[in-house]
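Shown below: my_file-v3.cif, with mmCIF, C-alpha atoms.
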```
data_final
#
loop_
_atom_site.label_atom_id
_atom_site.label_comp_id
_atom_site.auth_asym_id
_atom_site.auth_seq_id
_atom_site.Cartn_x
_atom_site.Cartn_y
_atom_site.Cartn_z
CA MET A 6 -21.37 8.75 -18.96
CA THR A 7 -19.39 6.67 -16.49
CA LYS A 8 -20.65 5.90 -13.03
CA VAL A 9 -18.28 5.92 -10.05
CA ILE A 10 -18.75 2.79 -7.91
CA THR A 11 -19.06 3.50 -4.18
CA LYS A 12 -20.16 0.11 -2.82
CA PHE A 13 -18.01 -2.98 -2.36
CA THR A 14 -18.44 -5.55 -5.12
CA ARG A 15 -16.59 -8.59 -6.49
CA ASN A 16 -17.49 -7.43 -9.99
CA VAL A 17 -14.15 -5.74 -10.80
CA PRO A 18 -14.73 -2.18 -12.06
CA HIS A 19 -12.73 -0.25 -14.62
CA TRP A 20 -10.08 2.01 -13.03
CA GLN A 21 -10.20 5.55 -14.38
CA PRO A 22 -7.14 7.70 -13.58
CA ARG A 23 -7.53 11.18 -12.09
CA VAL A 24 -4.18 12.20 -13.60
CA LYS A 25 -2.93 11.72 -17.14
CA PRO A 26 -1.03 8.43 -17.48
CA VAL A 27 2.34 8.33 -19.28
CA ASP A 28 1.85 8.29 -23.04
CA LEU A 29 3.66 5.21 -24.35
CA GLU A 30 4.69 7.17 -27.45
CA GLU A 31 6.56 9.63 -25.24
CA ALA A 32 7.89 7.15 -22.64
CA SER A 33 11.59 7.20 -21.77
CA ALA A 34 13.81 4.13 -22.22
CA GLU A 35 13.75 3.62 -18.42
CA GLN A 36 9.94 3.80 -18.37
CA LEU A 37 9.63 1.31 -21.26
CA ASP A 38 11.99 -1.03 -19.44
CA ALA A 39 9.99 -0.79 -16.18
CA LEU A 40 6.75 -1.28 -18.11
CA LYS A 41 8.22 -4.38 -19.79
CA VAL A 42 7.11 -3.02 -23.14
CA THR A 43 8.49 -4.97 -26.07
CA PRO A 44 7.39 -5.00 -29.73
CA SER A 45 5.26 -8.07 -28.97
CA ASN A 46 3.88 -6.72 -25.69
CA THR A 47 2.45 -3.22 -25.97
CA LYS A 48 -0.58 -3.72 -23.72
CA VAL A 49 -0.07 -1.85 -20.46
CA SER A 50 -2.89 -0.91 -18.08
CA GLU A 51 -3.70 2.74 -17.41
CA TYR A 52 -2.86 2.12 -13.77
CA VAL A 53 0.68 0.97 -14.53
CA LEU A 54 1.08 3.81 -17.05
CA THR A 55 0.07 6.21 -14.26
CA LEU A 56 2.64 4.74 -11.88
CA ALA A 57 5.28 5.03 -14.63
CA HIS A 58 5.43 8.74 -13.76
CA ASP A 59 7.57 7.55 -10.82
CA VAL A 60 9.59 4.91 -12.60
CA GLU A 61 12.11 4.27 -9.81
CA SER A 62 9.29 3.25 -7.44
CA LEU A 63 7.46 1.22 -10.10
CA LYS A 64 10.56 -0.85 -10.81
CA VAL A 65 10.93 -2.08 -7.21
CA ARG A 66 7.24 -2.21 -6.45
CA SER A 67 6.19 -4.90 -8.95
CA PRO A 68 8.58 -7.67 -7.82
CA LEU A 69 7.93 -6.79 -4.18
CA PHE A 70 4.16 -7.03 -4.73
CA ASN A 71 4.50 -10.40 -6.45
CA GLY A 72 6.83 -11.72 -3.73
CA ILE A 73 4.47 -10.79 -0.90
CA MET A 74 1.35 -12.15 -2.55
CA TYR A 75 2.69 -15.22 -4.39
CA ASP A 76 6.02 -16.47 -2.91
CA LYS A 77 5.86 -20.13 -1.87
CA GLY A 78 5.51 -21.29 1.73
CA GLY A 79 3.98 -19.51 4.69
CA MET A 80 0.38 -18.36 4.51
CA SER A 81 -1.98 -19.71 1.85
CA ARG A 82 -2.70 -17.47 -1.11
CA ALA A 83 -6.38 -17.19 -0.20
CA GLU A 84 -5.53 -16.02 3.32
CA ARG A 85 -3.10 -13.42 1.98
CA GLU A 86 -6.00 -12.18 -0.16
CA LEU A 87 -8.09 -11.90 3.01
CA GLY A 88 -5.37 -9.71 4.54
CA ALA A 89 -5.39 -7.55 1.41
CA LEU A 90 -9.17 -7.33 1.58
CA GLY A 91 -9.17 -6.23 5.24
CA ALA A 92 -6.84 -3.33 4.41
CA SER A 93 -8.84 -2.41 1.31
CA MET A 94 -12.09 -2.32 3.28
CA VAL A 95 -10.58 0.00 5.92
CA ASN A 96 -9.28 2.33 3.23
CA HIS A 97 -12.47 1.98 1.17
CA CYS A 98 -10.50 1.07 -1.93
CA ILE A 99 -13.36 -0.33 -4.01
CA TYR A 100 -11.11 -1.45 -6.86
CA CYS A 101 -8.56 -3.34 -4.70
CA ALA A 102 -11.36 -4.87 -2.62
CA ALA A 103 -13.07 -6.14 -5.79
CA VAL A 104 -9.92 -7.67 -7.27
CA HIS A 105 -8.86 -9.38 -4.06
CA ALA A 106 -12.34 -10.53 -3.02
CA ALA A 107 -12.71 -12.08 -6.48
CA ARG A 108 -9.32 -13.82 -6.12
CA HIS A 109 -10.23 -15.07 -2.65
CA ALA A 110 -13.51 -16.50 -3.98
CA GLN A 111 -11.71 -18.09 -6.91
CA LEU A 112 -8.99 -19.68 -4.74
CA GLU A 113 -11.49 -20.89 -2.13
CA LYS A 114 -13.99 -21.92 -4.82
CA SER A 115 -16.58 -20.18 -2.65
CA THR A 116 -18.05 -16.69 -2.40
CA GLU A 117 -19.36 -17.28 1.13
CA VAL A 118 -16.70 -15.36 3.09
CA THR A 119 -16.57 -12.34 0.77
CA ASP A 120 -20.38 -12.26 0.43
CA ARG A 121 -20.61 -12.00 4.21
CA LEU A 122 -17.87 -9.37 4.48
CA PHE A 123 -19.42 -7.17 1.81
CA ARG A 124 -22.90 -7.58 3.28
CA ASP A 125 -22.12 -7.24 7.00
CA GLY A 126 -18.72 -5.51 7.04
CA ARG A 127 -16.58 -6.02 10.13
CA ARG A 128 -19.49 -7.71 11.98
CA ALA A 129 -19.61 -10.50 9.41
CA ASP A 130 -19.90 -14.01 10.83
CA LEU A 131 -16.57 -15.73 10.05
CA GLY A 132 -14.85 -18.90 11.19
CA PRO A 133 -12.24 -18.43 13.96
CA ARG A 134 -9.23 -18.48 11.63
CA ASP A 135 -10.68 -16.05 9.09
CA ARG A 136 -11.97 -13.90 11.99
CA ALA A 137 -8.47 -13.59 13.50
CA ILE A 138 -6.89 -12.87 10.10
CA PHE A 139 -9.45 -10.27 9.05
CA ASP A 140 -9.51 -8.50 12.45
CA PHE A 141 -5.72 -8.21 12.51
CA ALA A 142 -5.60 -6.84 8.95
CA VAL A 143 -8.27 -4.27 9.79
CA ALA A 144 -6.54 -3.17 13.01
CA LEU A 145 -3.13 -2.89 11.34
CA SER A 146 -4.63 -0.79 8.55
CA GLU A 147 -5.89 1.99 10.83
CA THR A 148 -3.69 5.08 11.29
CA PRO A 149 -1.93 4.63 13.60
CA SER A 150 -2.14 0.86 13.72
CA GLN A 151 -4.61 -0.47 16.29
CA ALA A 152 -3.16 -4.00 16.20
CA GLY A 153 -2.07 -5.29 19.58
CA PRO A 154 -1.12 -8.39 21.58
CA ASP A 155 -4.78 -9.54 21.71
CA HIS A 156 -4.84 -9.79 17.91
CA MET A 157 -1.62 -11.82 18.00
CA ALA A 158 -3.07 -14.11 20.66
CA ALA A 159 -6.17 -14.67 18.51
CA LEU A 160 -3.98 -15.55 15.51
CA LYS A 161 -1.97 -17.98 17.63
CA ASP A 162 -5.12 -19.53 19.12
CA ALA A 163 -6.49 -19.98 15.60
CA GLY A 164 -3.40 -22.06 14.81
CA LEU A 165 -1.32 -19.66 12.69
CA ASP A 166 2.43 -20.18 12.90
CA GLU A 167 5.06 -17.42 12.80
CA ALA A 168 5.66 -17.66 9.05
CA GLU A 169 1.93 -17.35 8.36
CA VAL A 170 1.57 -14.33 10.63
CA LEU A 171 4.57 -12.70 8.96
CA ASP A 172 2.94 -13.17 5.55
CA LEU A 173 -0.28 -11.67 6.92
CA ILE A 174 1.63 -8.62 8.24
CA LEU A 175 3.23 -8.22 4.81
CA SER A 176 0.05 -8.67 2.75
CA ALA A 177 -2.10 -6.36 4.90
CA SER A 178 0.68 -3.74 4.96
CA LEU A 179 1.22 -4.01 1.21
CA PHE A 180 -2.38 -2.95 0.71
CA GLY A 181 -1.74 0.11 2.85
CA TRP A 182 0.54 0.93 -0.07
CA ALA A 183 -1.61 -0.28 -2.98
CA ASN A 184 -4.79 1.38 -1.65
CA ARG A 185 -3.01 4.75 -1.40
CA LEU A 186 -2.26 4.54 -5.13
CA MET A 187 -5.43 2.96 -6.51
CA HIS A 188 -7.96 4.79 -4.33
CA VAL A 189 -6.14 8.14 -4.47
CA LEU A 190 -5.07 8.33 -8.11
CA GLY A 191 -8.23 7.04 -9.79
CA ASP A 192 -11.92 6.21 -9.65
CA PRO A 193 -13.55 2.77 -9.89
CA VAL A 194 -16.17 3.10 -12.63
CA ARG A 195 -18.55 1.10 -14.79
CA LEU A 196 -18.11 1.94 -18.41
CA PRO A 197 -21.26 2.13 -20.50
CA GLU A 198 -21.97 -1.08 -22.41
CA THR A 199 -20.18 -1.02 -25.73
CA THR A 200 -20.60 -3.27 -28.73
CA SER A 201 -17.69 -5.64 -29.02
CA MET B 7 24.53 -8.24 7.17
CA ALA B 8 22.03 -8.58 4.35
CA LEU B 9 19.00 -8.04 6.55
CA ASP B 10 20.08 -4.74 8.10
CA THR B 11 16.99 -2.85 6.93
CA THR B 12 15.00 0.10 8.25
CA ALA B 13 11.91 -2.07 8.83
CA LEU B 14 13.74 -4.75 10.80
CA LYS B 15 15.89 -2.30 12.78
CA SER B 16 12.86 -0.19 13.72
CA ALA B 17 11.09 -3.31 15.01
CA GLY B 18 14.14 -4.28 17.08
CA LEU B 19 15.10 -7.09 14.70
CA GLY B 20 18.13 -5.47 13.10
CA ALA B 21 21.77 -6.47 12.85
CA GLY B 22 23.07 -8.24 15.92
CA ARG B 23 19.83 -10.05 16.64
CA ALA B 24 18.98 -13.35 14.99
CA PRO B 25 15.92 -12.53 12.89
CA GLY B 26 14.45 -16.03 13.07
CA ALA B 27 13.53 -18.53 10.39
CA ALA B 28 10.31 -16.85 9.32
CA ILE B 29 12.05 -13.57 8.51
CA GLU B 30 15.04 -15.35 6.94
CA GLY B 31 12.53 -17.12 4.70
CA ARG B 32 11.31 -13.76 3.42
CA ALA B 33 14.76 -12.15 3.16
CA SER B 34 14.18 -11.03 -0.42
CA ILE B 35 11.02 -9.18 0.64
CA PHE B 36 12.97 -7.21 3.25
CA GLU B 37 15.75 -6.45 0.77
CA MET B 38 13.24 -5.17 -1.79
CA THR B 39 11.49 -3.15 0.93
CA GLN B 40 14.80 -1.40 1.61
CA GLU B 41 15.28 -0.71 -2.12
CA ALA B 42 11.77 0.74 -2.25
CA GLU B 43 12.59 3.06 0.65
CA ALA B 44 15.58 4.41 -1.27
CA ALA B 45 13.41 4.86 -4.39
CA VAL B 46 10.95 7.14 -2.60
CA LEU B 47 13.30 8.94 -0.19
CA ARG B 48 16.37 9.37 -2.36
CA PRO B 49 15.38 8.91 -6.03
CA ARG B 50 17.76 10.02 -8.79
CA ASP B 51 14.91 11.95 -10.43
CA CYS B 52 13.10 13.58 -7.53
CA GLY B 53 11.04 16.12 -9.50
CA PRO B 54 10.27 19.20 -7.38
CA TRP B 55 10.35 17.15 -4.15
CA SER B 56 13.96 17.28 -2.89
CA HIS B 57 15.47 14.56 -0.76
CA ALA B 58 15.25 16.90 2.26
CA LEU B 59 11.54 17.59 1.69
CA ARG B 60 10.86 13.88 1.23
CA ALA B 61 12.66 13.15 4.51
CA ALA B 62 10.53 15.79 6.28
CA LEU B 63 7.27 14.40 4.88
CA ALA B 64 8.37 10.86 5.80
CA ALA B 65 9.08 12.02 9.36
CA ARG B 66 5.66 13.69 9.51
CA ILE B 67 3.89 10.52 8.36
CA ALA B 68 5.88 8.46 10.86
CA VAL B 69 4.66 10.82 13.63
CA LEU B 70 1.06 10.42 12.41
CA ASN B 71 1.59 6.68 12.79
CA GLY B 72 3.04 6.96 16.29
CA GLU B 73 6.57 5.99 15.20
CA GLU B 74 8.53 8.78 16.89
CA ALA B 75 11.94 7.09 16.80
CA LEU B 76 11.83 6.45 13.07
CA ALA B 77 10.43 9.96 12.57
CA GLY B 78 13.54 11.29 14.28
CA GLN B 79 15.79 9.32 11.93
CA TYR B 80 14.00 10.62 8.85
CA ALA B 81 13.93 14.19 10.24
CA ALA B 82 17.73 14.14 10.55
CA ASP B 83 17.86 14.43 6.73
CA ALA B 84 15.11 17.05 6.46
CA GLY B 85 17.38 20.12 6.39
CA ASP B 86 15.42 23.36 5.87
CA TYR B 87 12.14 21.43 5.88
CA ALA B 88 12.57 19.94 9.37
CA ALA B 89 9.64 21.97 10.75
CA LEU B 90 7.25 19.98 8.55
CA ALA B 91 7.97 16.85 10.57
CA ASP B 92 5.62 18.30 13.17
CA PRO B 93 2.01 17.55 12.11
CA SER B 94 0.84 20.83 13.68
CA ASP B 95 2.83 22.77 11.04
CA ASP B 96 0.48 23.30 8.09
CA GLY B 97 3.27 23.96 5.58
CA ALA B 98 2.07 27.48 4.76
CA GLY B 99 5.38 28.97 5.87
CA GLN B 100 7.15 26.90 3.21
CA GLY B 101 4.53 27.57 0.55
CA LEU B 102 3.54 23.90 0.76
CA ALA B 103 0.13 24.02 2.44
CA PRO B 104 -1.74 22.11 -0.33
CA VAL B 105 0.98 19.44 -0.46
CA VAL B 106 1.09 18.98 3.31
CA ALA B 107 -2.72 18.82 3.63
CA PHE B 108 -2.86 16.24 0.83
CA MET B 109 -0.13 14.10 2.40
CA ASP B 110 -1.85 14.16 5.80
CA LYS B 111 -5.19 13.11 4.30
CA VAL B 112 -3.69 10.29 2.22
CA ALA B 113 -1.72 9.03 5.22
CA ALA B 114 -4.36 9.21 7.92
CA ASP B 115 -7.79 9.56 6.30
CA THR B 116 -7.29 7.50 3.17
CA ARG B 117 -10.87 6.32 2.84
CA ASN B 118 -12.11 9.91 2.39
CA VAL B 119 -9.67 10.92 -0.35
CA ALA B 120 -11.68 11.82 -3.45
CA ALA B 121 -11.31 13.39 -6.89
CA PRO B 122 -11.28 17.02 -5.57
CA ASP B 123 -8.13 16.23 -3.58
CA ILE B 124 -6.31 15.54 -6.83
CA SER B 125 -7.91 18.39 -8.81
CA GLY B 126 -6.96 20.71 -5.92
CA LEU B 127 -3.30 19.85 -6.34
CA GLN B 128 -3.58 20.30 -10.10
CA ALA B 129 -5.20 23.72 -9.53
CA ALA B 130 -2.25 24.60 -7.27
CA GLY B 131 0.03 24.03 -10.27
CA ILE B 132 1.39 20.60 -9.34
CA ALA B 133 2.11 18.43 -12.37
CA ASP B 134 0.52 14.99 -12.67
CA ALA B 135 3.88 13.21 -12.47
CA ASP B 136 4.66 15.06 -9.24
CA ILE B 137 1.29 14.07 -7.76
CA VAL B 138 2.18 10.43 -8.47
CA ARG B 139 5.57 10.98 -6.77
CA LEU B 140 3.83 12.28 -3.63
CA CYS B 141 1.48 9.30 -3.61
CA GLU B 142 4.32 6.79 -3.97
CA LEU B 143 6.19 8.34 -1.04
CA ASN B 144 3.07 8.31 1.10
CA ALA B 145 2.00 4.82 0.05
CA PHE B 146 5.39 3.24 0.65
CA LEU B 147 5.53 4.74 4.15
CA ALA B 148 2.05 3.39 4.93
CA TYR B 149 3.40 -0.06 4.06
CA GLN B 150 6.70 0.18 5.90
CA LEU B 151 5.20 1.69 9.07
CA ARG B 152 2.66 -1.16 9.25
CA VAL B 153 5.32 -3.78 8.64
CA ILE B 154 7.24 -2.31 11.59
CA ALA B 155 4.16 -2.27 13.85
CA GLY B 156 3.37 -5.85 12.87
CA LEU B 157 6.93 -7.13 13.32
CA ARG B 158 7.12 -5.66 16.80
CA LEU B 159 4.01 -7.65 17.77
CA LEU B 160 5.32 -10.76 16.01
CA LYS B 161 8.57 -10.60 17.95
CA GLU B 162 6.69 -10.58 21.26
CA ALA B 163 4.14 -13.26 20.30
CA TYR B 164 6.61 -15.68 18.70
CA PRO B 165 9.86 -15.09 20.67
#
```

Would you kindly transcribe this structure into structure tokens?
Amino acid sequence: MTKVITKFTRNVPHWQPRVKPVDLEEASAEQLDALKVTPSNTKVSEYVLTLAHDVESLKVRSPLFNGIMYDKGGMSRAERELGALGASMVNHCIYCAAVHAARHAQLEKSTEVTDRLFRDGRRADLGPRDRAIFDFAVALSETPSQAGPDHMAALKDAGLDEAEVLDLILSASLFGWANRLMHVLGDPVRLPETTS
Amino acid sequence: MALDTTALKSAGLGAGRAPGAAIEGRASIFEMTQEAEAAVLRPRDCGPWSHALRAALAARIAVLNGEEALAGQYAADAGDYAALADPSDDGAGQGLAPVVAFMDKVAADTRNVAAPDISGLQAAGIADADIVRLCELNAFLAYQLRVIAGLRLLKEAYP
């Protein structure tokens, strides 16, 4: 039996698709190309195999995702992860929240911020810069967006420059996208312990 | 101009206005965003979801996000499905009620989407690949509409 995880955690769950992923044996040439499958690389996650059903989107999505989260300059990687986490908490995407909280903790070499966010939610006690970043990501992630000039003023007051705020807009928005795939197309689960 | 994209134009940062160094520094992101829009709105392999239906659903999601002007642009390509751009139309007249209800929930009540929402589509005869196609359309729009909302604020705060 697998157990669906419903509470936020940094312990990254297994993602179990609700639809049948593409079978690599039956994948088209275009799908194999988008999946970057080569004779020496045949390991593809079930998530990516699920997205391979829409290969045209998958092909553009991966480089765009990497650009927004990892391109040099602008906002620090840890702060982009905080933007991703704010969106994932609004959308209750347990899997994305786990992955990006874990990355934030790893980059910051501290679990303090994500411990507080998972324990106290939006009321968590954060420093002024993290507070402004998290609040903006949360507001932007509502439908329709609740972000306004006050959020921008808080980001400015906390010392963020235009390039940093742009990266925050992009990372929080990107998780509006990622959450609607991860949280909608699959369940975060714990697999029973297996012997290795 | 390379940066003449839907996201920048909708935020008032399109061609004819200097986008500023921050946006220039992320030019490749905006170019890829535009490619992603084409991939969900006008894919070569659209499955059962025609370009016109995709445009109508995009317009509907833009309305749900308060982006009426962009909704109008998408709706211009919606053909026979134009009525679906109005969120009060439940899609029953087009035989698309389960699809429309699913798209509304994913767009505006994401946190409450659960396994029965997917099994409901499967029970309505929608193939798994076509469920993924609906999700990609919805998910991309969630991203682009938030980029637009954010850029509009950025433009005012950092003129």

Legend entry - Residue among A:Val60, A:Glu31, A:Gly91, A:Arg15 lying closest to Phe180 of chain A, counting all atoms listed in the file: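 The closest residue to Phe180 of chain A is A:Gly91.
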
Contacts of chain A with chain B up to 6 Å, shortest pair per row, all atoms listed in the file, as JSON lines:
```
{"residue": "A:Val24", "atom": "CA", "partner": "B:Asp134", "partner_atom": "CA", "distance": 5.5}
{"residue": "A:His58", "atom": "CA", "partner": "B:Ala135", "partner_atom": "CA", "distance": 4.9}
{"residue": "A:Asp59", "atom": "CA", "partner": "B:Arg139", "partner_atom": "CA", "distance": 5.7}
{"residue": "A:Glu61", "atom": "CA", "partner": "B:Ala45", "partner_atom": "CA", "distance": 5.6}
{"residue": "A:Ser62", "atom": "CA", "partner": "B:Ala45", "partner_atom": "CA", "distance": 5.4}
{"residue": "A:Val65", "atom": "CA", "partner": "B:Ala42", "partner_atom": "CA", "distance": 5.8}
{"residue": "A:Asn96", "atom": "CA", "partner": "B:Arg117", "partner_atom": "CA", "distance": 4.3}
{"residue": "A:His97", "atom": "CA", "partner": "B:Arg117", "partner_atom": "CA", "distance": 4.9}
{"residue": "A:Thr148", "atom": "CA", "partner": "B:Ala114", "partner_atom": "CA", "distance": 5.4}
{"residue": "A:Pro149", "atom": "CA", "partner": "B:Asn71", "partner_atom": "CA", "distance": 4.2}
{"residue": "A:Ala168", "atom": "CA", "partner": "B:Ala28", "partner_atom": "CA", "distance": 4.7}
{"residue": "A:Ile174", "atom": "CA", "partner": "B:Gly156", "partner_atom": "CA", "distance": 5.7}
{"residue": "A:Ser178", "atom": "CA", "partner": "B:Tyr149", "partner_atom": "CA", "distance": 4.7}
{"residue": "A:Leu179", "atom": "CA", "partner": "B:Tyr149", "partner_atom": "CA", "distance": 5.3}
{"residue": "A:Gly181", "atom": "CA", "partner": "B:Tyr149", "partner_atom": "CA", "distance": 5.3}
{"residue": "A:Trp182", "atom": "CA", "partner": "B:Ala145", "partner_atom": "CA", "distance": 4.2}
{"residue": "A:Arg185", "atom": "CA", "partner": "B:Ala145", "partner_atom": "CA", "distance": 5.2}
```

Inset, instruction - Using all atoms listed in the file, pick whichever of B:Pro104, B:Pro54, B:Gly99, B:Gly85 has the shortest atom-to-atom distance to Leu127 of chain B. - result: B:Pro104

Can you turn the PyMOL selection byres ((chain A and resi 156-165) around 8) into a concrete residue list for this file, as a compact mmCIF listing (two decimals) with C-alpha atoms, keeping the file's coordinate frame?
```
# COMPACT_ATOMS: atom_id res chain seq x y z
CA PRO A 133 -12.24 -18.43 13.96
CA ARG A 134 -9.23 -18.48 11.63
CA ALA A 137 -8.47 -13.59 13.50
CA ILE A 138 -6.89 -12.87 10.10
CA ASP A 140 -9.51 -8.50 12.45
CA PHE A 141 -5.72 -8.21 12.51
CA ALA A 152 -3.16 -4.00 16.20
CA GLY A 153 -2.07 -5.29 19.58
CA PRO A 154 -1.12 -8.39 21.58
CA ASP A 155 -4.78 -9.54 21.71
CA ASP A 166 2.43 -20.18 12.90
CA GLU A 167 5.06 -17.42 12.80
CA GLU A 169 1.93 -17.35 8.36
CA VAL A 170 1.57 -14.33 10.63
CA LEU B 159 4.01 -7.65 17.77
CA LEU B 160 5.32 -10.76 16.01
CA ALA B 163 4.14 -13.26 20.30
```

Inset, instruction - Kindly resolve the PyMOL selection byres ((chain B and resi 102) around 12) on the present coordinates and return the residues as JSON, numbers by chain. - result: {"B": [54, 55, 59, 63, 87, 89, 90, 95, 96, 97, 98, 99, 100, 101, 103, 104, 105, 106, 107, 108, 109, 127, 130, 131, 132]}

Inset, instruction - Enter the distance from atom CA of Ala177 of chain A to atom CA of Glu51 of chain A, in Å, rounded to one decimal. - result: 24.1 Å

Legend entry - Interatomic distance (Å, one decimal) between atom CA of Thr47 of chain A and atom CA of Leu29 of chain A: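 These two atoms are separated by 8.7 Å.
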
Inset, instruction - Would you kindly identify which residues have an atom no farther than 8 Å from (8.4, 13.7, 6.7), using all atoms listed in the file and the file's own coordinates, and write them out as a list in words? - result: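 Result, sorted by chain then residue number: Leu59, Arg60, Ala61, Ala62, Leu63, Ala64, Ala65, Arg66, Ile67, Ala68, Ala77, Tyr80, Ala81, Ala84, Ala88, Leu90 and Ala91 of chain B.
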
Legend entry - Å distance separating atom CA of Ala142 of chain A from atom CA of Ser67 of chain A, one decimal place: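 The value is 21.5 Å.
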
Inset, instruction - Write out as a list in words the residues lying within 8 Å of Asp172 of chain A, counting only C-alpha atoms and excluding same-chain residues fewer than 3 positions away. - result: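 Near Asp172 of chain A, the qualifying residues are Ile73, Gly79, Met80, Arg85, Ala168, Glu169, Leu175 and Ser176 of chain A.
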
Inset, instruction - Would you list the contacts of Lys64 of chain A as a list of chain:residue names, taking every protein, DNA or RNA residue within 9 Å and counting only C-alpha atoms, but skipping same-chain residues closer than 5 positions in sequence? - result: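 So the residues in contact are A:Gln36, A:Asp38, A:Ala39, A:Leu40, A:Ala57, A:Asp59, B:Ala42.
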
Inset, instruction - Compare A:Asn184, A:Ser81, A:Thr55, A:Thr119 by their minimum atom-to-atom distance to Ser146 of chain A, counting only C-alpha atoms, and give me the closest one. - result: A:Asn184

Inset, instruction - Considering all atoms listed in the file, state which residue in the set B:Ala129, B:Ala75, B:Ser56, B:Asp86 is at the smallest distance from Ala17 of chain B. - result: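 With all atoms listed in the file as the atom set, the closest residue is B:Ala75.
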
Please supply segment 61-74 of chain B, rebuilt with N, CA, C and O atoms, as a short mmCIF file (atom, residue, chain, number, x, y, z; two decimals), keeping the file's coordinate frame.
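File produced: result_39.cif:
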```cif
data_model
loop_
_atom_site.label_atom_id
_atom_site.label_comp_id
_atom_site.auth_asym_id
_atom_site.auth_seq_id
_atom_site.Cartn_x
_atom_site.Cartn_y
_atom_site.Cartn_z
N ALA B 61 12.33 13.62 3.15
CA ALA B 61 12.66 13.15 4.51
C ALA B 61 11.72 13.80 5.53
O ALA B 61 11.25 13.14 6.47
N ALA B 62 11.42 15.09 5.34
CA ALA B 62 10.53 15.79 6.28
C ALA B 62 9.13 15.21 6.22
O ALA B 62 8.49 14.98 7.26
N LEU B 63 8.63 14.96 5.01
CA LEU B 63 7.27 14.40 4.88
C LEU B 63 7.22 12.98 5.45
O LEU B 63 6.23 12.57 6.07
N ALA B 64 8.31 12.22 5.24
CA ALA B 64 8.37 10.86 5.80
C ALA B 64 8.33 10.92 7.33
O ALA B 64 7.63 10.13 7.98
N ALA B 65 9.07 11.87 7.90
CA ALA B 65 9.08 12.02 9.36
C ALA B 65 7.68 12.38 9.85
O ALA B 65 7.20 11.84 10.86
N ARG B 66 7.02 13.26 9.13
CA ARG B 66 5.66 13.69 9.51
C ARG B 66 4.70 12.48 9.51
O ARG B 66 3.91 12.29 10.43
N ILE B 67 4.78 11.68 8.47
CA ILE B 67 3.89 10.52 8.36
C ILE B 67 4.23 9.49 9.45
O ILE B 67 3.33 8.86 10.02
N ALA B 68 5.51 9.36 9.77
CA ALA B 68 5.88 8.46 10.86
C ALA B 68 5.27 8.95 12.18
O ALA B 68 4.77 8.15 12.98
N VAL B 69 5.27 10.27 12.40
CA VAL B 69 4.66 10.82 13.63
C VAL B 69 3.16 10.51 13.63
O VAL B 69 2.60 10.07 14.64
N LEU B 70 2.50 10.70 12.49
CA LEU B 70 1.06 10.42 12.41
C LEU B 70 0.76 8.96 12.72
O LEU B 70 -0.34 8.62 13.15
N ASN B 71 1.75 8.10 12.51
CA ASN B 71 1.59 6.68 12.79
C ASN B 71 2.17 6.27 14.15
O ASN B 71 2.29 5.08 14.43
N GLY B 72 2.55 7.27 14.95
CA GLY B 72 3.04 6.96 16.29
C GLY B 72 4.44 6.38 16.33
O GLY B 72 4.82 5.76 17.32
N GLU B 73 5.21 6.55 15.25
CA GLU B 73 6.57 5.99 15.20
C GLU B 73 7.59 7.13 15.38
O GLU B 73 8.26 7.55 14.42
N GLU B 74 7.70 7.60 16.62
CA GLU B 74 8.53 8.78 16.89
C GLU B 74 10.02 8.53 16.61
O GLU B 74 10.72 9.42 16.11
#
```
